[in-house]
Amino acid sequence: MPTAFWSTLDTRIGPFTAVVTGDGAVLASGWTADVAELTPLISPSLAPAALTERRDLGPVTTAIRRYHGGDLDAVADIEVRQRSGPFREHAWEMLRKIPAGSPVSYAEYAALSGNPSAVRAAATACARNAAALFVPCHRVVRTGGAIGNFRWGVNAKRWLLHHEESA
């Protein structure tokens, strides 16, 4: 892939950085001001040859602002590109179908992903998700409702779940 673009925005949780292709698909994103934390998450088959900072990423920037402002569906139509094996790619697609404000357990997520006994594989799909927010892995919690882990911190996950519950 030739050049990808990145930008960091201030959000209520803290800085949020997104890396996008020239046609606007998200390759990686998360609550960090350091793009170097995101680039290792991008599949080698999608890795850009160069990264260029932009102040505005068009629809991606708009979606990030709108989501943090309360429009929870603003990120749903943004294209995401991630590569892995068939189960993980399907599991990431299923994450995008979990409605805001309706978190599911890892066991429920495994069932949604087509293999109810693959709870660990489902948890790994969450952990390997490069496109946080756009692929909402924060909507998966432990059985019983405990927050569980999140690459960007438990406090960020708690804020996201509360933001979605109250909207």
# chains A, B, ... in the order shown; residues from 1 in each chain; ligands from 1
>>> residues_around(residues="segment 114-121 of chain A", least_positions_apart="3", cutoff="10 Å", atoms="only C-alpha atoms", output="list in words")
Phe87, Arg88, His90, Ala91, Met94, Ser105, Tyr106, Ala107, Glu108, Tyr109, Ala110, Ala111, Thr124, Ala125, Cys126 and Ala127 of chain A
>>> select_by_dssp(residues="segment 8-43 of chain A", states="helix (DSSP H, G or I)", output="list of chain:residue names")
A:Val35, A:Ala36, A:Glu37, A:Thr39, A:Pro40, A:Leu41
>>> write_last_selection(atoms="C-alpha atoms", output="JSON list (two decimals), in the first residue's frame")
[["chain", "number", "residue", "atom", "x", "y", "z"],
["A", 35, "VAL", "CA", 0.88, 6.83, 15.86],
["A", 36, "ALA", "CA", 3.79, 4.45, 16.50],
["A", 37, "GLU", "CA", 1.53, 2.57, 18.94],
["A", 39, "THR", "CA", 1.32, 0.97, 13.15],
["A", 40, "PRO", "CA", 2.39, -2.45, 14.57],
["A", 41, "LEU", "CA", -1.31, -3.37, 14.77]]
>>> select_by_dssp(residues="chain A", states="strand (DSSP E or B)", output="PyMOL selection string")
chain A and resi 3-10+15-20+26-30+50-53+80+104-105+131+140-141
>>> write_last_selection(atoms="N, CA, C and O atoms", output="compact mmCIF listing (two decimals), in the first residue's frame")
# COMPACT_ATOMS: atom_id res chain seq x y z
N THR A 3 0.88 5.43 0.48
CA THR A 3 0.81 6.27 1.67
C THR A 3 -0.52 6.12 2.39
O THR A 3 -1.57 6.05 1.77
N ALA A 4 -0.44 6.09 3.72
CA ALA A 4 -1.63 6.19 4.56
C ALA A 4 -1.51 7.50 5.33
O ALA A 4 -0.43 8.11 5.40
N PHE A 5 -2.61 7.93 5.88
CA PHE A 5 -2.66 9.22 6.57
C PHE A 5 -3.10 9.02 8.00
O PHE A 5 -3.84 8.09 8.31
N TRP A 6 -2.66 9.90 8.87
CA TRP A 6 -3.04 9.78 10.28
C TRP A 6 -3.29 11.17 10.86
O TRP A 6 -2.80 12.18 10.36
N SER A 7 -4.10 11.15 11.91
CA SER A 7 -4.43 12.38 12.62
C SER A 7 -4.78 12.03 14.06
O SER A 7 -5.28 10.94 14.33
N THR A 8 -4.50 12.97 14.96
CA THR A 8 -4.85 12.80 16.37
C THR A 8 -5.83 13.90 16.75
O THR A 8 -5.61 15.07 16.43
N LEU A 9 -6.91 13.50 17.40
CA LEU A 9 -7.93 14.44 17.87
C LEU A 9 -8.01 14.35 19.39
O LEU A 9 -7.83 13.28 19.96
N ASP A 10 -8.35 15.45 20.01
CA ASP A 10 -8.64 15.43 21.44
C ASP A 10 -10.07 14.96 21.62
O ASP A 10 -10.97 15.41 20.92
N PRO A 15 -6.43 11.78 23.87
CA PRO A 15 -6.13 11.83 22.43
C PRO A 15 -6.53 10.53 21.74
O PRO A 15 -6.38 9.44 22.30
N PHE A 16 -7.08 10.69 20.53
CA PHE A 16 -7.49 9.55 19.72
C PHE A 16 -6.84 9.70 18.35
O PHE A 16 -6.99 10.73 17.70
N THR A 17 -6.11 8.67 17.93
CA THR A 17 -5.41 8.71 16.65
C THR A 17 -6.00 7.65 15.72
O THR A 17 -6.32 6.55 16.16
N ALA A 18 -6.13 8.02 14.46
CA ALA A 18 -6.61 7.09 13.43
C ALA A 18 -5.62 7.10 12.27
O ALA A 18 -5.06 8.14 11.93
N VAL A 19 -5.42 5.92 11.69
CA VAL A 19 -4.60 5.74 10.48
C VAL A 19 -5.54 5.25 9.40
O VAL A 19 -6.25 4.26 9.59
N VAL A 20 -5.57 5.97 8.27
CA VAL A 20 -6.51 5.64 7.19
C VAL A 20 -5.80 5.54 5.85
O VAL A 20 -4.75 6.14 5.63
N VAL A 26 -10.28 2.86 7.59
CA VAL A 26 -9.48 2.84 8.81
C VAL A 26 -8.64 1.57 8.84
O VAL A 26 -9.16 0.46 8.71
N LEU A 27 -7.34 1.75 9.05
CA LEU A 27 -6.42 0.63 9.22
C LEU A 27 -6.16 0.36 10.70
O LEU A 27 -5.98 -0.78 11.10
N ALA A 28 -6.09 1.42 11.49
CA ALA A 28 -5.84 1.30 12.93
C ALA A 28 -6.31 2.57 13.61
O ALA A 28 -6.30 3.65 13.02
N SER A 29 -6.72 2.41 14.88
CA SER A 29 -7.17 3.58 15.64
C SER A 29 -7.20 3.23 17.12
O SER A 29 -7.33 2.07 17.50
N GLY A 30 -7.07 4.28 17.93
CA GLY A 30 -7.14 4.07 19.37
C GLY A 30 -6.82 5.33 20.14
O GLY A 30 -6.42 6.35 19.58
N ALA A 50 4.36 4.53 3.55
CA ALA A 50 4.66 5.80 4.21
C ALA A 50 3.43 6.28 4.96
O ALA A 50 2.30 5.92 4.62
N LEU A 51 3.66 7.08 5.98
CA LEU A 51 2.59 7.70 6.76
C LEU A 51 2.75 9.21 6.69
O LEU A 51 3.85 9.72 6.87
N THR A 52 1.64 9.88 6.46
CA THR A 52 1.65 11.34 6.40
C THR A 52 0.59 11.88 7.35
O THR A 52 -0.56 11.43 7.31
N GLU A 53 0.98 12.82 8.19
CA GLU A 53 0.02 13.41 9.12
C GLU A 53 -0.87 14.41 8.38
O GLU A 53 -0.40 15.16 7.53
N VAL A 80 -13.56 -0.19 7.36
CA VAL A 80 -12.39 -0.65 8.11
C VAL A 80 -11.73 -1.75 7.31
O VAL A 80 -12.42 -2.59 6.73
N VAL A 104 -22.17 -7.39 25.21
CA VAL A 104 -22.34 -8.83 25.29
C VAL A 104 -21.14 -9.42 26.03
O VAL A 104 -20.08 -8.81 26.09
N SER A 105 -21.33 -10.64 26.56
CA SER A 105 -20.23 -11.33 27.22
C SER A 105 -19.32 -11.96 26.16
O SER A 105 -19.72 -12.11 25.00
N ALA A 131 -8.67 -1.58 15.01
CA ALA A 131 -9.50 -0.41 14.70
C ALA A 131 -10.50 -0.13 15.82
O ALA A 131 -11.72 -0.13 15.61
N VAL A 140 -17.67 -5.79 24.46
CA VAL A 140 -17.60 -7.17 24.97
C VAL A 140 -17.05 -7.10 26.39
O VAL A 140 -16.00 -6.52 26.64
N VAL A 141 -17.80 -7.70 27.31
CA VAL A 141 -17.45 -7.68 28.73
C VAL A 141 -17.40 -9.11 29.26
O VAL A 141 -17.83 -10.04 28.59
>>> closest_residue(among="A:Pro103, A:Gly85, A:Gly14, A:Pro2", to="Ile147 of chain A", atoms="only C-alpha atoms")
A:Pro103
>>> atom_distance(atom1="atom CA of Ser102 of chain A", atom2="atom CA of Arg139 of chain A")
7.3 Å
>>> residues_around(residues="Val75 of chain A", least_positions_apart="6", cutoff="12 Å", atoms="only C-alpha atoms", output="ChimeraX atom specification")
/A:25-26,29,59-69,96-97,99-100,131-136
>>> closest_residue(among="A:Ser45, A:Thr143, A:Ser84, A:Asn155", to="Arg12 of chain A", atoms="only C-alpha atoms")
A:Asn155
>>> atom_distance(atom1="atom CA of Ser43 of chain A", atom2="atom CA of Arg83 of chain A")
5.8 Å
>>> closest_residue(among="A:Trp31, A:Glu89, A:Asp73, A:Leu112", to="Phe150 of chain A", atoms="only C-alpha atoms")
A:Trp31
>>> atom_distance(atom1="atom CA of Trp159 of chain A", atom2="atom CA of Ala130 of chain A")
19.4 Å
